[in-house]
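A short write-up of the structure that comes next.
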Amino acid sequence: MKKYDVITIGSGGGAKISSPAASMGFKVAVIEKDRLGGTCLNRGCIPSKMLIHPADVAVAVKEARRFDIHNDPKFSVDFAKLVNRISATVDADSDKIEASYNKHPNIDFYRGSAKFLENKVIEVNGEQMTAEKIFIAVGTRPSIPNIPGLEGTPFMTSTEALRHTTLPRSMIILGGGYIACELGHAYGALGTKTHFLVRSSLLRAEDAEVAAEFSKVFSQYHDVLFGAVPSKVEYKDGQFTVHFFRGGVGSQVTAESLLVATGITSNADTLDLINTDIALKPLNFIQTDEYLRTTVDGVYALGDCIGKYFFRHSVNFEGEYLFDYLFGGKTKRPIQYPPIPHAVFTHPQVAGVGKTEEQLKKDNVDYVVGLNPYKSSAMGMALLSEHGFCKLLIERKTRRILGGHIVGDEASDMIHMIIAFMNKAGTLDDLLNMVYIHPALPEIVRNAARKAKTAIGSHA
C-alpha cells in the first residue's frame with residue numbers, strides 16, 4: 001500500500017490544498033476521475049461565462065436601436081466556432097494543470113475514481129493508498145429528474161450544453177434556478193427560441209422582490225411557463241415533446257432540444273463511503289464540523305459535496321482555511337465564513353449578499369429597506385434603464401448592513417462595494433460617508449442608502 005502525507009480527491013477546490021502542500025515538501029496524491037480543474041474550469045463558471053458574454057453582446061447589438069443606433073437587422077453567430085474556442089481554452093488550462101502535476105516531484109496524479117475500502121484506505125485503478133490527511137472535494141453533478149420517457153433521449157445537462165456545437169432553433173428548459181436561467185439566457189440571446197417549464201418561480205432562493213423583478217424582465221425574452229409540472233417526455237424525428245400539467249390542465253411543448261437543469265446531487269455517493277465511518281447528511285452531502293472535519297479522524301471535506309455553499313469562491317475560502325491551520329502554522333479555530341456573495345449572470349444580472357427580506361422577517365429582525373431603481377440615477381438615464389434596482393436591508397438600531405441585493409446591469413460588479421462594507425461590519429453611515437464617482441452606476445447603491453436613511457428617520 002502506498003503511503004502519502006496528503007490525498008486529495010477532486011482537483012477543483014482540492015487544489016487549494018494539494019499544490020501548496022506539495023510545495024512545502026509533503027508527499028501528495030491527487031485523484032481525479034475527470035479533467036483536472038474541477039467543475040468550475042471544465043463545465044461550470046468559466047466556460048459558461050465565456051458563452052454568456054457573447055450572449056450579452058448579442059443582446060446589446062439587438063437593442064442598439066434603443067439608442068438610435070441602427071445596424072443590419074440580419075443577426076448571425078458562428079456558434080460552432082464560439083463553442084470550440086471556449087472548449088479549447090478551458091481544455092488548455094486543464095492540460096497545464098496536469099503537466100504541472102506530472103512535473104512536480106511531490107505529486108502523484110491518479111486519473112480514476114476513488115473508492116474507500118475502509119476509513120483511511122482508498123483504492124483507485126486497482127492501487128491502494130493511505131495518508132495521514134485525506135481531503136474530499138468531489139463536488140456535485142447535475143440531478144436528473146425521474147420523468148417517464150426522459151431516460152435514453154439525447155437531452156442535455158449543463159455539461160453537454162457547454163460543449164454543444166450546434167445552435168438549436170428551439171429549446172425546452174426544465175428548471176428555474178441559476179443554471180437554467182444562465183444557459184437559457186445564453187442560448188436564447190444567440191438565437192434559440194427558449195421555452196422554460198418552471199414548477200414554482202425563477203430564482204426562488206433570491207430576495208422575493210428581486211426574483212419578481214427578474215421574472216418580469218426575463219419573461220420578456222423567453223417563453224416562461226410557471227407552475228408547469230412535467231409528466232412525460234417524448235423524442236421522435238429529432239424533436240422533443242414535453243407533456244406537463246399546469247393548474248391541473250394538461251398541455252405540451254415541442255422543441256428541437258431539451259436542457260435539464262433541475263438541480264444538483266452530491267458526488268459523495270461515488271466514494272463507497274459505506275465502507276467507512278464517514279457520516280452523511282440528507283441528500284448524500286458529507287457531514288462536517290466547524291473545522292471541516294468528517295466523522296473520521298484525519299479525513300476532511302470541503303466544497304459542494306458538504307452541501308453548505310455551491311460556489312468556487314466558497315470552496316476556495318474553505319481550502320485556504322484548511323491549509324492555514326493544518327499546514328500554515330495558523331492557530332486552529334472554527335471556520336468563520338464572511339458574508340458569502342453570489343451572482344447570476346443572466347439578462348438582467350442578479351447579485352446578492354447577506355440576508356433576504358424574507359429571512360429577516362422570519363427572524364423577527366427590526367430592519368428598514370432602502371430601494372432605488374436604476375432609472376433614478378444619472379447612469380441609469382444614460383442606459384435608458386427600464387428595470388432593475390438596488391435593495392439594501394439595514395438593521396434599524398445599529399444601522400448595520402444586513403443584506404444587499406441588486407438586479408440589473410453590472411450587478412455582479414456593483415455588489416462588491418456592499419460585500420466589502422459587510423465584511424468589515426459596515427453600517428449605513430459608511431455607505432453614506434464616502435464620495436461616489438458621478439455619474440457611475442454605484443450611485444444607485446448610494447441612492448438606496450439615502451432611502452434607507454429616510455426610512456429610519458421617518459420611523460424614529
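Naming works like this for the C-alpha cells: A, B, ... for the chains as they're shown, residue 1 at the start of each chain, ligands 1 onward in shown order.
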### Task
Enumerate, as an MDAnalysis selection string, the complete set of residues in segment 153-337 of chain A that a backbone-based DSSP assignment places in strand (DSSP E or B).
chainID A and resid 156 170:174 193:198 223:226 228:236 239:246 249:255 257:260 264:266 280 286 293 299:301
### Message
For the structure I just gave you, how does DSSP split segment 254-363 of chain A - specifically, which residues are alpha helix (DSSP H)? Reply as a ChimeraX atom specification.
### Response
/A:312-326,357-362
Expected file: the selected residues, N, CA and C atoms, as a PDB file, in the first residue's frame:
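To be explicit, this is the file written out as part35.pdb:
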```
ATOM      1  N   ARG A 312     -17.409  28.408  -6.422  1.00  0.00           N
ATOM      2  CA  ARG A 312     -15.965  28.208  -6.408  1.00  0.00           C
ATOM      3  C   ARG A 312     -15.315  29.142  -5.386  1.00  0.00           C
ATOM      4  N   HIS A 313     -15.863  30.351  -5.229  1.00  0.00           N
ATOM      5  CA  HIS A 313     -15.241  31.251  -4.267  1.00  0.00           C
ATOM      6  C   HIS A 313     -15.407  30.766  -2.831  1.00  0.00           C
ATOM      7  N   SER A 314     -16.443  29.996  -2.545  1.00  0.00           N
ATOM      8  CA  SER A 314     -16.611  29.487  -1.184  1.00  0.00           C
ATOM      9  C   SER A 314     -15.710  28.276  -0.927  1.00  0.00           C
ATOM     10  N   VAL A 315     -15.544  27.390  -1.902  1.00  0.00           N
ATOM     11  CA  VAL A 315     -14.636  26.259  -1.687  1.00  0.00           C
ATOM     12  C   VAL A 315     -13.188  26.737  -1.638  1.00  0.00           C
ATOM     13  N   ASN A 316     -12.872  27.787  -2.385  1.00  0.00           N
ATOM     14  CA  ASN A 316     -11.527  28.362  -2.274  1.00  0.00           C
ATOM     15  C   ASN A 316     -11.279  28.858  -0.848  1.00  0.00           C
ATOM     16  N   PHE A 317     -12.265  29.508  -0.276  1.00  0.00           N
ATOM     17  CA  PHE A 317     -12.147  30.004   1.097  1.00  0.00           C
ATOM     18  C   PHE A 317     -11.959  28.838   2.062  1.00  0.00           C
ATOM     19  N   GLU A 318     -12.724  27.773   1.870  1.00  0.00           N
ATOM     20  CA  GLU A 318     -12.616  26.607   2.742  1.00  0.00           C
ATOM     21  C   GLU A 318     -11.261  25.930   2.607  1.00  0.00           C
ATOM     22  N   GLY A 319     -10.776  25.819   1.377  1.00  0.00           N
ATOM     23  CA  GLY A 319      -9.475  25.200   1.155  1.00  0.00           C
ATOM     24  C   GLY A 319      -8.346  25.998   1.784  1.00  0.00           C
ATOM     25  N   GLU A 320      -8.423  27.317   1.648  1.00  0.00           N
ATOM     26  CA  GLU A 320      -7.398  28.180   2.245  1.00  0.00           C
ATOM     27  C   GLU A 320      -7.449  28.102   3.765  1.00  0.00           C
ATOM     28  N   TYR A 321      -8.653  28.016   4.319  1.00  0.00           N
ATOM     29  CA  TYR A 321      -8.804  27.869   5.768  1.00  0.00           C
ATOM     30  C   TYR A 321      -8.143  26.572   6.245  1.00  0.00           C
ATOM     31  N   LEU A 322      -8.439  25.464   5.582  1.00  0.00           N
ATOM     32  CA  LEU A 322      -7.863  24.177   5.977  1.00  0.00           C
ATOM     33  C   LEU A 322      -6.344  24.194   5.865  1.00  0.00           C
ATOM     34  N   PHE A 323      -5.840  24.739   4.778  1.00  0.00           N
ATOM     35  CA  PHE A 323      -4.385  24.768   4.598  1.00  0.00           C
ATOM     36  C   PHE A 323      -3.722  25.601   5.691  1.00  0.00           C
ATOM     37  N   ASP A 324      -4.313  26.731   6.022  1.00  0.00           N
ATOM     38  CA  ASP A 324      -3.708  27.631   7.001  1.00  0.00           C
ATOM     39  C   ASP A 324      -3.519  26.963   8.357  1.00  0.00           C
ATOM     40  N   TYR A 325      -4.536  26.242   8.817  1.00  0.00           N
ATOM     41  CA  TYR A 325      -4.387  25.694  10.170  1.00  0.00           C
ATOM     42  C   TYR A 325      -3.760  24.302  10.192  1.00  0.00           C
ATOM     43  N   LEU A 326      -3.786  23.579   9.076  1.00  0.00           N
ATOM     44  CA  LEU A 326      -3.175  22.251   9.053  1.00  0.00           C
ATOM     45  C   LEU A 326      -1.723  22.274   8.597  1.00  0.00           C
ATOM     46  N   GLU A 357     -34.986  39.796   2.611  1.00  0.00           N
ATOM     47  CA  GLU A 357     -36.022  40.377   3.461  1.00  0.00           C
ATOM     48  C   GLU A 357     -36.868  39.289   4.110  1.00  0.00           C
ATOM     49  N   GLU A 358     -37.104  38.213   3.383  1.00  0.00           N
ATOM     50  CA  GLU A 358     -37.904  37.120   3.934  1.00  0.00           C
ATOM     51  C   GLU A 358     -37.204  36.486   5.139  1.00  0.00           C
ATOM     52  N   GLN A 359     -35.885  36.353   5.081  1.00  0.00           N
ATOM     53  CA  GLN A 359     -35.147  35.784   6.216  1.00  0.00           C
ATOM     54  C   GLN A 359     -35.203  36.703   7.429  1.00  0.00           C
ATOM     55  N   LEU A 360     -35.115  38.006   7.200  1.00  0.00           N
ATOM     56  CA  LEU A 360     -35.179  38.955   8.315  1.00  0.00           C
ATOM     57  C   LEU A 360     -36.554  38.943   8.973  1.00  0.00           C
ATOM     58  N   LYS A 361     -37.596  38.824   8.163  1.00  0.00           N
ATOM     59  CA  LYS A 361     -38.950  38.741   8.718  1.00  0.00           C
ATOM     60  C   LYS A 361     -39.105  37.478   9.558  1.00  0.00           C
ATOM     61  N   LYS A 362     -38.574  36.381   9.040  1.00  0.00           N
ATOM     62  CA  LYS A 362     -38.673  35.107   9.755  1.00  0.00           C
ATOM     63  C   LYS A 362     -37.952  35.177  11.096  1.00  0.00           C
TER      64      LYS A 362
END
```
### Message
My list of candidates is A:Thr356, A:Thr8, A:Ser170, A:Ser376. Which is closest to Ala208 of chain A when distances are computed with only C-alpha atoms?
### Response
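Among the listed residues, A:Thr356 lies closest to Ala208 of chain A.
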### Query
Out of A:Ser23, A:Asn119, A:Ser100, A:Ser143, which residue has the shortest atom-to-atom distance to Thr294 of chain A when counting only C-alpha atoms?
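Between A:Ser23, A:Asn119, A:Ser100, A:Ser143, the residue approaching Thr294 of chain A most closely is A:Asn119.
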### Query
A:Asp78, A:Glu443, A:Asp304, A:Glu234: which is nearest Thr39 of chain A, counting only C-alpha atoms?
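Using only C-alpha atoms, Thr39 of chain A sits closest to A:Asp304.
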### Task
Find the residues near Phe116 of chain A: any atom within 8 Å, counting only C-alpha atoms, skip ones fewer than 4 places away on the same chain, and give them as a list in words.
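The residues satisfying every condition are Lys120, Val121, Ile122, Glu123, Leu271, Asp272, Leu273, Asn275 and Thr276 of chain A.
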Keeping only C-alpha atoms, take the residues you just selected and write them out as a short mmCIF file (atom, residue, chain, number, x, y, z; two decimals), in the first residue's frame.
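Done, and the output landed in part.cif:
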```cif
data_model
loop_
_atom_site.label_atom_id
_atom_site.label_comp_id
_atom_site.auth_asym_id
_atom_site.auth_seq_id
_atom_site.Cartn_x
_atom_site.Cartn_y
_atom_site.Cartn_z
CA LYS A 120 -8.40 5.80 5.53
CA VAL A 121 -7.70 3.28 2.78
CA ILE A 122 -8.52 4.30 -0.78
CA GLU A 123 -8.36 2.30 -3.98
CA LEU A 271 -16.87 7.01 -3.00
CA ASP A 272 -18.18 3.81 -1.35
CA LEU A 273 -18.37 5.62 1.98
CA ASN A 275 -17.13 1.06 3.99
CA THR A 276 -16.19 3.87 6.38
#
```
Each segment 58-146 of chain A residue no farther than 9 Å from segment 247-263 of chain A, nearest pair in Å, only C-alpha atoms, as CSV:
```
residue,atom,partner,partner_atom,distance
A:Arg141,CA,A:Gly263,CA,8.6
A:Pro142,CA,A:Gly263,CA,6.1
A:Ser143,CA,A:Gly263,CA,5.3
A:Ile144,CA,A:Thr262,CA,7.1
A:Pro145,CA,A:Thr262,CA,7.2
```
### Query
Excluding same-chain residues fewer than 4 positions from Lys375 of chain A, what lies within 10 Å of it counting only C-alpha atoms, as a PyMOL selection string?
chain A and resi 379-389+444
Mind writing the picked residues with N, CA and C atoms as an mmCIF file, in the first residue's frame?
```
data_model
loop_
_atom_site.group_PDB
_atom_site.id
_atom_site.type_symbol
_atom_site.label_atom_id
_atom_site.label_comp_id
_atom_site.auth_asym_id
_atom_site.auth_seq_id
_atom_site.Cartn_x
_atom_site.Cartn_y
_atom_site.Cartn_z
ATOM 1 N N MET A 379 -26.495 57.523 -14.413
ATOM 2 C CA MET A 379 -26.083 56.495 -15.367
ATOM 3 C C MET A 379 -27.270 55.665 -15.816
ATOM 4 N N GLY A 380 -28.242 55.498 -14.949
ATOM 5 C CA GLY A 380 -29.463 54.814 -15.357
ATOM 6 C C GLY A 380 -30.159 55.544 -16.483
ATOM 7 N N MET A 381 -30.118 56.866 -16.429
ATOM 8 C CA MET A 381 -30.685 57.662 -17.518
ATOM 9 C C MET A 381 -29.909 57.432 -18.811
ATOM 10 N N ALA A 382 -28.568 57.370 -18.702
ATOM 11 C CA ALA A 382 -27.744 57.145 -19.885
ATOM 12 C C ALA A 382 -28.003 55.771 -20.496
ATOM 13 N N LEU A 383 -28.283 54.794 -19.623
ATOM 14 C CA LEU A 383 -28.543 53.427 -20.080
ATOM 15 C C LEU A 383 -29.982 53.233 -20.554
ATOM 16 N N LEU A 384 -30.794 54.260 -20.428
ATOM 17 C CA LEU A 384 -32.226 54.157 -20.725
ATOM 18 C C LEU A 384 -32.850 53.011 -19.948
ATOM 19 N N SER A 385 -32.485 52.914 -18.676
ATOM 20 C CA SER A 385 -32.930 51.791 -17.853
ATOM 21 C C SER A 385 -34.445 51.789 -17.688
ATOM 22 N N GLU A 386 -35.029 50.641 -17.935
ATOM 23 C CA GLU A 386 -36.469 50.464 -17.761
ATOM 24 C C GLU A 386 -36.776 49.519 -16.598
ATOM 25 N N HIS A 387 -35.745 48.931 -16.034
ATOM 26 C CA HIS A 387 -35.947 47.973 -14.954
ATOM 27 C C HIS A 387 -34.703 47.953 -14.070
ATOM 28 N N GLY A 388 -34.772 47.193 -12.993
ATOM 29 C CA GLY A 388 -33.633 46.984 -12.125
ATOM 30 C C GLY A 388 -33.610 47.914 -10.932
ATOM 31 N N PHE A 389 -33.001 47.430 -9.845
ATOM 32 C CA PHE A 389 -32.878 48.247 -8.641
ATOM 33 C C PHE A 389 -31.806 47.677 -7.728
ATOM 34 N N ILE A 444 -26.314 54.265 -7.622
ATOM 35 C CA ILE A 444 -27.590 53.603 -7.328
ATOM 36 C C ILE A 444 -27.558 53.027 -5.915
#
```
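Comparing the minimum interatomic distances between Asp429 of chain A and each of A:Ile415, A:Val229, A:Ile401, A:Val90, counting only C-alpha atoms, we find that A:Ile401 sits nearest.
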